[in-house]
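Trainee: This is the structure, below, for whatever I ask next.
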Amino acid sequence: MSEFSVRPARTGDIRGILALLEPYVQRRILLGKDIVVLYESVQQFVVAEDADGTLVGCGALHVMWEDLGEIRTLIVADDWLHHGVGRVIVERLEEHARALGIARLFCLTFEVDFFTRRGFHPIGEQVVDPDVYSQLLRSPDEGVAEFLDLAHVKPNTLGNTRMLKQL
C-alpha cells in the first residue's frame, strides 16, 4: 500500500478531487467548493495517486500576496493516512511556493500537530502590515478572508488554528 506518487493536477483529476473533498465537507471540516472553482484553480493543485492511478490525496497552493501563499484543500484518503502522503504533498507545495518567490505559507487547520512537525506555528491576528491588509480586504476569496480572520468567516473557522511557516 505504500506505493504512491505526487504530480501536478490535471483537469481530468477534478472529479476525483471533488470526491476526496466531499466527505470532509459533510463533516464540516473543509468548506465545499463548486466544481467550476476547482477547474479554475486546477493549476494550484497537486495530487497523490496509488499504483493503480486512483487519487489518494491532494493539496493546493494559493498565492495571496507578493510573499504569502496558503496551503489549502489538503486531503488524504482515510486508507492512506500515516503513509507519508500528506507530508509529500506539503513538501511539493513548498517547493512550488519557493519557485514562485513566496517566503511565508499560511494554513487554516484542525491538524495542528501535522503542520507543527512541518515547521508551521500558530499565529495571532495581524501578520501583514496595514497597507497589505487593506489590499487583501479587496479579495473576494474566502481563504483570504479566513487568513485576515474577518468576522463573516468566523463560523467557517471555529476550532481551526491559523498557522504560518517561514520558507
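All residue names refer to the C-alpha cells as shown: chains lettered A, B, ... in order, residues numbered from 1 in each chain, ligands numbered from 1 in order.
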If you run DSSP on the backbone here, which positions in range 7-158 of chain A get helix (DSSP H, G or I)? Please write them as a PyMOL selection string.
Mentor: chain A and resi 11-26+35-40+42-44+78-80+85-100+112-117+130-136+142-148+151-157
Trainee: Give me, as number ranges by chain, all polymer residues having an atom no more than 9 Å from range 126-142 of chain A, counting only C-alpha atoms and skipping those fewer than 5 positions away in the same chain.
Mentor: A: 64-65, 147-149, 153
Trainee: Residues within 12 Å of Trp80 in chain A, please, as a ChimeraX atom specification. Count only C-alpha atoms; anything in the same chain fewer than 3 positions from it doesn't count.
Mentor: /A:1-4,20,48-50,54-58,75-77,83-87
Trainee: Would you save the residues from that selection as a CSV table (one decimal), in the first residue's frame, using N, CA and C atoms?
Mentor:
chain,number,residue,atom,x,y,z
A,1,MET,N,0.8,-1.2,0.0
A,1,MET,CA,0.0,0.0,0.0
A,1,MET,C,0.9,1.3,0.0
A,2,SER,N,2.1,1.2,0.2
A,2,SER,CA,2.9,2.4,0.4
A,2,SER,C,3.4,3.0,-0.9
A,3,GLU,N,3.0,2.4,-2.1
A,3,GLU,CA,3.4,3.0,-3.3
A,3,GLU,C,2.5,4.1,-3.8
A,4,PHE,N,3.0,5.3,-3.9
A,4,PHE,CA,2.2,6.4,-4.4
A,4,PHE,C,3.1,7.4,-5.0
A,20,LEU,N,-12.7,13.3,-3.1
A,20,LEU,CA,-11.9,13.3,-1.8
A,20,LEU,C,-12.4,14.4,-0.9
A,48,ALA,N,-1.9,13.1,-5.2
A,48,ALA,CA,-1.2,11.8,-5.0
A,48,ALA,C,-2.1,10.7,-5.5
A,49,GLU,N,-1.4,9.8,-6.2
A,49,GLU,CA,-2.2,8.6,-6.7
A,49,GLU,C,-1.4,7.4,-6.4
A,50,ASP,N,-2.2,6.3,-6.2
A,50,ASP,CA,-1.6,5.0,-5.9
A,50,ASP,C,-1.1,4.4,-7.2
A,54,THR,N,-5.4,5.7,-8.8
A,54,THR,CA,-6.5,6.2,-8.0
A,54,THR,C,-6.0,7.3,-7.1
A,55,LEU,N,-6.7,8.4,-7.1
A,55,LEU,CA,-6.3,9.6,-6.3
A,55,LEU,C,-6.5,9.2,-4.8
A,56,VAL,N,-5.4,9.4,-4.1
A,56,VAL,CA,-5.4,9.1,-2.6
A,56,VAL,C,-5.1,10.4,-1.8
A,57,GLY,N,-4.9,11.5,-2.5
A,57,GLY,CA,-4.7,12.8,-1.8
A,57,GLY,C,-4.5,13.9,-2.7
A,58,CYS,N,-4.6,15.1,-2.1
A,58,CYS,CA,-4.5,16.4,-2.9
A,58,CYS,C,-4.2,17.5,-2.0
A,75,ILE,N,-5.9,17.1,1.5
A,75,ILE,CA,-6.8,15.9,1.9
A,75,ILE,C,-6.0,14.6,1.6
A,76,VAL,N,-6.1,13.7,2.5
A,76,VAL,CA,-5.5,12.4,2.3
A,76,VAL,C,-6.7,11.4,2.6
A,77,ALA,N,-6.9,10.4,1.6
A,77,ALA,CA,-7.9,9.4,1.8
A,77,ALA,C,-7.6,8.6,3.1
A,83,HIS,N,0.9,7.3,5.9
A,83,HIS,CA,1.7,6.7,5.0
A,83,HIS,C,2.6,7.7,4.3
A,84,GLY,N,2.7,8.9,4.8
A,84,GLY,CA,3.6,9.9,4.2
A,84,GLY,C,3.0,10.7,3.0
A,85,VAL,N,1.7,10.5,2.7
A,85,VAL,CA,1.1,11.2,1.6
A,85,VAL,C,1.0,12.7,1.8
A,86,GLY,N,0.4,13.1,3.0
A,86,GLY,CA,0.3,14.5,3.3
A,86,GLY,C,1.6,15.2,3.4
A,87,ARG,N,2.6,14.5,3.9
A,87,ARG,CA,4.0,15.1,4.0
A,87,ARG,C,4.5,15.4,2.7
Trainee: Of the candidates A:Ile89, A:Leu108, A:Leu167, A:Leu61, which one gets nearest to Ala145 in chain A if we count only C-alpha atoms?
Mentor: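 Among the listed residues, A:Leu108 lies closest to Ala145 in chain A.
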Trainee: Go ahead and compute the interatomic distance for CA of Cys107 in chain A and CA of Val47 in chain A, in Å to one decimal.
Mentor: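 For CA of Cys107 in chain A relative to CA of Val47 in chain A, the distance reads 17.9 Å.
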Trainee: Fewer than 5 positions away in the same chain doesn't count, so skip those; otherwise give me all residues within 9 Å of Gly69 in chain A, counting only C-alpha atoms, as an MDAnalysis selection string.
Mentor: chainID A and resid 61:64 97 102:107
Trainee: With only C-alpha atoms as the basis for distance, which of A:His121, A:Arg10, A:Arg28, A:Arg72 is at the shortest distance from Leu93 in chain A?
Mentor: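 Of the candidates, the smallest distance to Leu93 in chain A is held by A:Arg72.
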Trainee: I need the residues in range 64-104 of chain A that are strand (DSSP E or B) according to DSSP; give them as a list in words.
Mentor: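 Taking range 64-104 of chain A and keeping strand (DSSP E or B) gives Met64, Trp65, Leu68, Gly69, Glu70, Ile71, Arg72, Thr73, Leu74, Ile75, Val76 and Arg104 of chain A.
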Trainee: Produce a file of the selected residues containing C-alpha atoms, as a compact mmCIF listing (two decimals), in the first residue's frame.
Mentor:
# COMPACT_ATOMS: atom_id res chain seq x y z
CA MET A 64 -2.31 35.51 -1.56
CA TRP A 65 0.30 38.26 -1.86
CA LEU A 68 2.48 34.98 1.05
CA GLY A 69 0.75 31.80 -0.01
CA GLU A 70 -1.74 29.39 1.51
CA ILE A 71 -1.79 25.62 1.57
CA ARG A 72 -5.42 24.70 1.15
CA THR A 73 -7.63 21.72 0.41
CA LEU A 74 -5.04 19.30 1.82
CA ILE A 75 -6.76 15.91 1.87
CA VAL A 76 -5.53 12.35 2.28
CA ARG A 104 5.64 32.61 4.01
Trainee: Which residue out of A:Ile123, A:Val46, A:Leu18, A:Val6 has the minimum interatomic distance to Thr161 in chain A when only C-alpha atoms are used?
Mentor: A:Ile123
Trainee: Applying 10 Å and only C-alpha atoms, which residues near Asn160 in chain A remain after dropping the ones on its own chain fewer than 6 positions away? List them as an mmCIF file with C-alpha atoms, in the first residue's frame.
Mentor:
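Result file is selection.cif:
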data_model
loop_
_atom_site.group_PDB
_atom_site.id
_atom_site.type_symbol
_atom_site.label_atom_id
_atom_site.label_comp_id
_atom_site.auth_asym_id
_atom_site.auth_seq_id
_atom_site.Cartn_x
_atom_site.Cartn_y
_atom_site.Cartn_z
ATOM 1 C CA ILE A 29 -14.020 20.010 8.311
ATOM 2 C CA CYS A 107 -2.756 27.314 6.584
ATOM 3 C CA LEU A 108 -6.012 27.101 8.499
ATOM 4 C CA THR A 109 -6.246 23.648 10.033
ATOM 5 C CA PHE A 110 -7.528 21.241 12.642
ATOM 6 C CA GLU A 111 -4.316 19.211 12.105
ATOM 7 C CA VAL A 112 -2.062 21.369 14.279
ATOM 8 C CA LYS A 154 -15.772 33.074 11.816
#
Trainee: Just want the 10 Å neighbourhood of Thr11 in chain A, counted on only C-alpha atoms, with same-chain residues fewer than 5 positions away dropped. Output as a list of chain:residue names.
Mentor: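 So, after excluding close chain neighbours, the residues are A:Gly16, A:Leu38, A:Tyr39, A:Glu40, A:Ser41, A:Val42, A:Gln43.
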Trainee: Just the selected residues (all heavy atoms), exported as a PDB file, in the first residue's frame, please.
Mentor:
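Everything below was put into result35.pdb:
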ATOM      1  N   GLY A  16     -12.155  13.576  -9.168  1.00  0.00           N
ATOM      2  CA  GLY A  16     -11.537  12.807  -8.092  1.00  0.00           C
ATOM      3  C   GLY A  16     -11.223  13.670  -6.878  1.00  0.00           C
ATOM      4  O   GLY A  16     -11.395  13.232  -5.735  1.00  0.00           O
ATOM      5  N   LEU A  38     -13.005  24.518  -8.710  1.00  0.00           N
ATOM      6  CA  LEU A  38     -11.900  23.559  -8.759  1.00  0.00           C
ATOM      7  C   LEU A  38     -11.246  23.555 -10.140  1.00  0.00           C
ATOM      8  O   LEU A  38     -10.023  23.521 -10.248  1.00  0.00           O
ATOM      9  CB  LEU A  38     -12.387  22.160  -8.378  1.00  0.00           C
ATOM     10  CG  LEU A  38     -12.789  21.979  -6.914  1.00  0.00           C
ATOM     11  CD1 LEU A  38     -13.410  20.617  -6.682  1.00  0.00           C
ATOM     12  CD2 LEU A  38     -11.608  22.201  -5.990  1.00  0.00           C
ATOM     13  N   TYR A  39     -12.065  23.584 -11.201  1.00  0.00           N
ATOM     14  CA  TYR A  39     -11.479  23.646 -12.546  1.00  0.00           C
ATOM     15  C   TYR A  39     -10.669  24.927 -12.733  1.00  0.00           C
ATOM     16  O   TYR A  39      -9.576  24.896 -13.296  1.00  0.00           O
ATOM     17  CB  TYR A  39     -12.561  23.561 -13.628  1.00  0.00           C
ATOM     18  CG  TYR A  39     -13.016  22.152 -13.915  1.00  0.00           C
ATOM     19  CD1 TYR A  39     -14.314  21.759 -13.644  1.00  0.00           C
ATOM     20  CD2 TYR A  39     -12.140  21.215 -14.457  1.00  0.00           C
ATOM     21  CE1 TYR A  39     -14.740  20.466 -13.910  1.00  0.00           C
ATOM     22  CE2 TYR A  39     -12.551  19.917 -14.723  1.00  0.00           C
ATOM     23  CZ  TYR A  39     -13.854  19.544 -14.443  1.00  0.00           C
ATOM     24  OH  TYR A  39     -14.264  18.271 -14.702  1.00  0.00           O
ATOM     25  N   GLU A  40     -11.194  26.048 -12.218  1.00  0.00           N
ATOM     26  CA  GLU A  40     -10.484  27.329 -12.363  1.00  0.00           C
ATOM     27  C   GLU A  40      -9.149  27.333 -11.630  1.00  0.00           C
ATOM     28  O   GLU A  40      -8.243  28.080 -11.989  1.00  0.00           O
ATOM     29  CB  GLU A  40     -11.355  28.477 -11.831  1.00  0.00           C
ATOM     30  CG  GLU A  40     -12.539  28.793 -12.702  1.00  0.00           C
ATOM     31  CD  GLU A  40     -13.478  29.804 -12.069  1.00  0.00           C
ATOM     32  OE1 GLU A  40     -13.391  30.056 -10.849  1.00  0.00           O
ATOM     33  OE2 GLU A  40     -14.318  30.343 -12.811  1.00  0.00           O
ATOM     34  N   SER A  41      -9.030  26.502 -10.605  1.00  0.00           N
ATOM     35  CA  SER A  41      -7.808  26.507  -9.795  1.00  0.00           C
ATOM     36  C   SER A  41      -6.990  25.230  -9.960  1.00  0.00           C
ATOM     37  O   SER A  41      -6.110  24.958  -9.148  1.00  0.00           O
ATOM     38  CB  SER A  41      -8.159  26.741  -8.323  1.00  0.00           C
ATOM     39  OG  SER A  41      -9.028  25.741  -7.852  1.00  0.00           O
ATOM     40  N   VAL A  42      -7.239  24.460 -11.013  1.00  0.00           N
ATOM     41  CA  VAL A  42      -6.543  23.180 -11.193  1.00  0.00           C
ATOM     42  C   VAL A  42      -5.025  23.339 -11.149  1.00  0.00           C
ATOM     43  O   VAL A  42      -4.310  22.479 -10.620  1.00  0.00           O
ATOM     44  CB  VAL A  42      -6.999  22.453 -12.485  1.00  0.00           C
ATOM     45  CG1 VAL A  42      -6.562  23.208 -13.737  1.00  0.00           C
ATOM     46  CG2 VAL A  42      -6.477  21.023 -12.509  1.00  0.00           C
ATOM     47  N   GLN A  43      -4.512  24.445 -11.669  1.00  0.00           N
ATOM     48  CA  GLN A  43      -3.055  24.643 -11.694  1.00  0.00           C
ATOM     49  C   GLN A  43      -2.468  24.847 -10.298  1.00  0.00           C
ATOM     50  O   GLN A  43      -1.261  24.761 -10.126  1.00  0.00           O
ATOM     51  CB  GLN A  43      -2.677  25.815 -12.616  1.00  0.00           C
ATOM     52  CG  GLN A  43      -3.091  27.168 -12.115  1.00  0.00           C
ATOM     53  CD  GLN A  43      -4.542  27.533 -12.387  1.00  0.00           C
ATOM     54  OE1 GLN A  43      -5.326  26.743 -12.903  1.00  0.00           O
ATOM     55  NE2 GLN A  43      -4.915  28.745 -12.025  1.00  0.00           N
TER      56      GLN A  43
END
Trainee: Kindly give the distance, in Å, that separates CA of Arg162 in chain A and CA of Ser5 in chain A, rounded to a single decimal.
Mentor: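 One can read the CA of Arg162 in chain A to CA of Ser5 in chain A distance as 28.5 Å.
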Trainee: Check the smallest atom-to-atom distance from each of A:Ile14, A:Leu81, A:Val88, A:Ala19 to Phe45 in chain A using only C-alpha atoms, then report the winner.
Mentor: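 Result for the nearest residue to Phe45 in chain A: A:Ile14.
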